[in-house]
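Working notes for the structure below.
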Amino acid sequence: MVYLVGAGPGDKDYITVKGLRLIEKCDVIIYDRLANMELLTYTKASCEKIYVGKQNGYHTMNQEAINKILVEQGKENKLTVRLKGGDPFVFGRGGEEILALEDQGIPYEVVSGVTSAISVPASAGIPLTHRKLSQSIHIITGHTATSKNQLTQDYEHLAKVEGTLVFLMGLSNIEKITEQLIKYGKNPCTPAAVVSKGTTNAQISVRASLEKIGQIVREKNLQAPAIIIVGEVAALNFTCTRLEEKRKLRVGVTGTQSFVNRCTAMLQENNITSLDMGFMVVKETGQETWQQVFETLPLSTWLAFTSANGVRLFFAECERRRFDRRELAHVKLAVIGSGTREALENNGIYPDYCPNVYTAEELAKGLCGQLSSEDRVLMPRAVKGSKMVNEIFAGEQKVLYDIPTYDVVYDREKWERKREEMRGLDCLVFGSTSGVEGFFQMAGEKEIQQLSNMRIIAIGPVTREALQKRGVEHVEIGEQCCIESLVKLIVR
Ligand code: SAH
């Protein structure tokens with residue numbers, strides 16, 4: 001079965017619930033440049049990812065070749081997602097792909113998406129219809145398809161249309177489009193707007209009269225993808241200025257994906273523009289270590305977690321093994337801080353101990369203070385976990401089963417996709433010492449230099465120290481080692 005899934009305009013969160021469920025389940029995903037690549041991180045590990053992108057003017061793959069791949073995958077009887085920017089049926093050539101599938105008798109379904117034609121103007125505060133101003137919307141391709149480089153539309157007719165004109169793929173022809181509209185009678189003073197990279201952190205919008213907009217867009221060097229809006233509504237700006245001020249603050253977040261997801265979500269709730277700079281992937285160390293964990297569990301009296309990832313992986317493994325939670329009844333539970341506590345509580349288990357200061361050192365010290373000589377602590381955690389914990393346990397002569405269940409590795413491909421966006425950040429958040437290590441492993445001189453022009457925020461003192469060791473001195477930390485404190489610090 002092949003699903004043509006609309007990915008939405010740019011911001012990955014515009015994916016529909018139906019689309020996301022398919023992405024999570026599919027065996028093959030076929031995508032191009034217009035869909036937000038971060039959506040690929042929701043696929044399962046075994047999912048095959050096939051890139052069929054084209055860039056403006058430079059076709060890496062033509063439509064026939066894409067159709068051929070779709071048909072091949074469809075025939076394999078795999079659950080295949082063809083991810084398309086915006087909505088598959090709005091200038092998305094979805095129809096052509098479907099004809100190719102039909103031709104071969106391959107079953108398919110279209111999962112509509114949020115089209116950029118409507119959502120991108122909205123993200124710039126432009127409503128395409130508004131009482132008394134505009135009663136219709138006309139979505140037009142601004143692409144030239146004729147050999148003589150002529151616009152293909154009937155501009156004599158378009159110039160007379162009263163409603164809002166929305167041009168897709170029109171940026172490179174903006175001068176021609178506006179000239180033609182004016183030539184056939186549209187008032188040169190008609191409001192117009194261009195929105196580039198709508199709904200993403202790089203969104204820029206420009207408003208001007210029909211007569212002037214082309215020139216201004218060139219002066220400001222607006223880049224594709226962009227949408228041109230012509231009509232009275234283009235002069236409106238329904239964006240709350242108070243929120244706009246906060247949104248101008250651009251904050252990048254590094255760390256493991258679960259940290260980045262939680263942190264960016266909370267920043268967004270606070271109307272701060274946030275950028276996912278999570279280059280770290282959590283990799284389980286394998287069945288052998290899980291075997292060790294579950295063999296050690298009956299001997300232990302405490303189970304301690306030092307990260308939300310540790311908790312998440314432990315319970316995922318419980319599921320795989322059909323491990324009955326009642327077998328945890330004999331152990332007490334300790335967590336390092338509020339995020340880890342939340343992860344545990346999501347599993348219906350409430351910790352017996354959490355230090356007041358959320359660091360591995362405090363957890364080790366505090367926990368040792370509670371232990372008798374009979375107690376034995378099982379700690380499934382990261383390979384690169386703090387060695388200070390082992391030292392404290394040894395010093396206190398307490399038993400610690402320190403079992404590394406996961407390692408954190410770096411995703412270079414994602415780094416390459418994101419490094420451009422680092423420019424213009426106001427603030428960069430580091431969620432862990434491994435995040436710091438990862439950053440410095442991948443960053444070039446240019447990116448390291450950029451750090452001096454931004455606020456640098458670390459989750460806690462250990463991470464701050466790791467940064468300072470790397471020569472980054474101006475590091476701020478929140479009151480507590482938790483995301484809430486970080487966000488409070490940024491807002492302040
Ligand atoms: N099927 C897509 C449109 C594909 S045509 C949809 O429904 O959105 C590609 C054009 O869409 C681009 O040339 C541009 O005009 C527009 N577009 C797509 N994403 C955009 C974005 N984030 N910001 C501005 N324009 C965008």
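By convention here, the chains of the structure tokens are called A, B, ... in the order presented, each chain's residues are numbered starting at 1, and ligands are numbered starting at 1 in the order presented.
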Excluding Leu99 in chain A and residues on its chain fewer than 4 positions from it, collect all residues at most 12 Å away from it, counting only C-alpha atoms, and give them as an mmCIF file with N, CA and C atoms, in the first residue's frame.
```cif
data_model
loop_
_atom_site.group_PDB
_atom_site.id
_atom_site.type_symbol
_atom_site.label_atom_id
_atom_site.label_comp_id
_atom_site.auth_asym_id
_atom_site.auth_seq_id
_atom_site.Cartn_x
_atom_site.Cartn_y
_atom_site.Cartn_z
ATOM 1 N N GLN A 63 10.122 13.258 -12.736
ATOM 2 C CA GLN A 63 8.887 12.671 -12.200
ATOM 3 C C GLN A 63 8.744 11.195 -12.588
ATOM 4 N N GLU A 64 9.161 10.861 -13.814
ATOM 5 C CA GLU A 64 9.025 9.448 -14.227
ATOM 6 C C GLU A 64 9.854 8.538 -13.324
ATOM 7 N N ASN A 67 8.077 8.177 -10.102
ATOM 8 C CA ASN A 67 6.939 7.258 -10.263
ATOM 9 C C ASN A 67 7.415 5.806 -10.278
ATOM 10 N N LYS A 68 8.554 5.596 -10.923
ATOM 11 C CA LYS A 68 9.070 4.235 -11.053
ATOM 12 C C LYS A 68 9.420 3.672 -9.657
ATOM 13 N N LEU A 70 8.160 4.643 -6.833
ATOM 14 C CA LEU A 70 6.910 4.418 -6.105
ATOM 15 C C LEU A 70 6.292 3.073 -6.485
ATOM 16 N N VAL A 71 6.275 2.811 -7.773
ATOM 17 C CA VAL A 71 5.684 1.564 -8.265
ATOM 18 C C VAL A 71 6.482 0.367 -7.755
ATOM 19 N N ARG A 93 1.987 17.379 -7.858
ATOM 20 C CA ARG A 93 2.085 16.291 -8.829
ATOM 21 C C ARG A 93 1.641 14.956 -8.220
ATOM 22 N N GLY A 94 0.797 15.077 -7.192
ATOM 23 C CA GLY A 94 0.267 13.863 -6.564
ATOM 24 C C GLY A 94 -0.541 13.052 -7.561
ATOM 25 N N GLY A 95 -1.300 13.736 -8.400
ATOM 26 C CA GLY A 95 -2.142 13.056 -9.384
ATOM 27 C C GLY A 95 -1.336 12.179 -10.321
ATOM 28 N N ASP A 103 -2.005 2.492 -12.770
ATOM 29 C CA ASP A 103 -1.616 1.783 -13.979
ATOM 30 C C ASP A 103 -1.119 0.379 -13.654
ATOM 31 N N GLN A 104 -0.490 0.241 -12.501
ATOM 32 C CA GLN A 104 0.072 -1.052 -12.097
ATOM 33 C C GLN A 104 -0.810 -1.777 -11.080
ATOM 34 N N GLY A 105 -1.985 -1.228 -10.840
ATOM 35 C CA GLY A 105 -2.923 -1.859 -9.910
ATOM 36 C C GLY A 105 -2.442 -1.867 -8.469
ATOM 37 N N ILE A 106 -1.648 -0.867 -8.095
ATOM 38 C CA ILE A 106 -1.134 -0.810 -6.717
ATOM 39 C C ILE A 106 -2.069 0.034 -5.851
ATOM 40 N N PRO A 107 -2.515 -0.508 -4.715
ATOM 41 C CA PRO A 107 -3.443 0.261 -3.883
ATOM 42 C C PRO A 107 -2.770 1.480 -3.243
ATOM 43 N N TYR A 108 -3.512 2.548 -3.089
ATOM 44 C CA TYR A 108 -2.946 3.794 -2.561
ATOM 45 C C TYR A 108 -4.011 4.583 -1.805
#
```
- Write out as a PyMOL selection string each polymer residue (protein, DNA or RNA) that has an atom no more than 7 Å from ligand 1, with only C-alpha atoms and all ligand atoms counted. chain A and resi 8-10+34+84-92+114-117+120+167-170+195-200+224-227
- Task: Write out as a PyMOL selection string which residues come within 7 Å of Glu361 in chain A when counting only C-alpha atoms, dropping same-chain ones fewer than 2 positions away.
- Result: chain A and resi 359+363-365+388-389
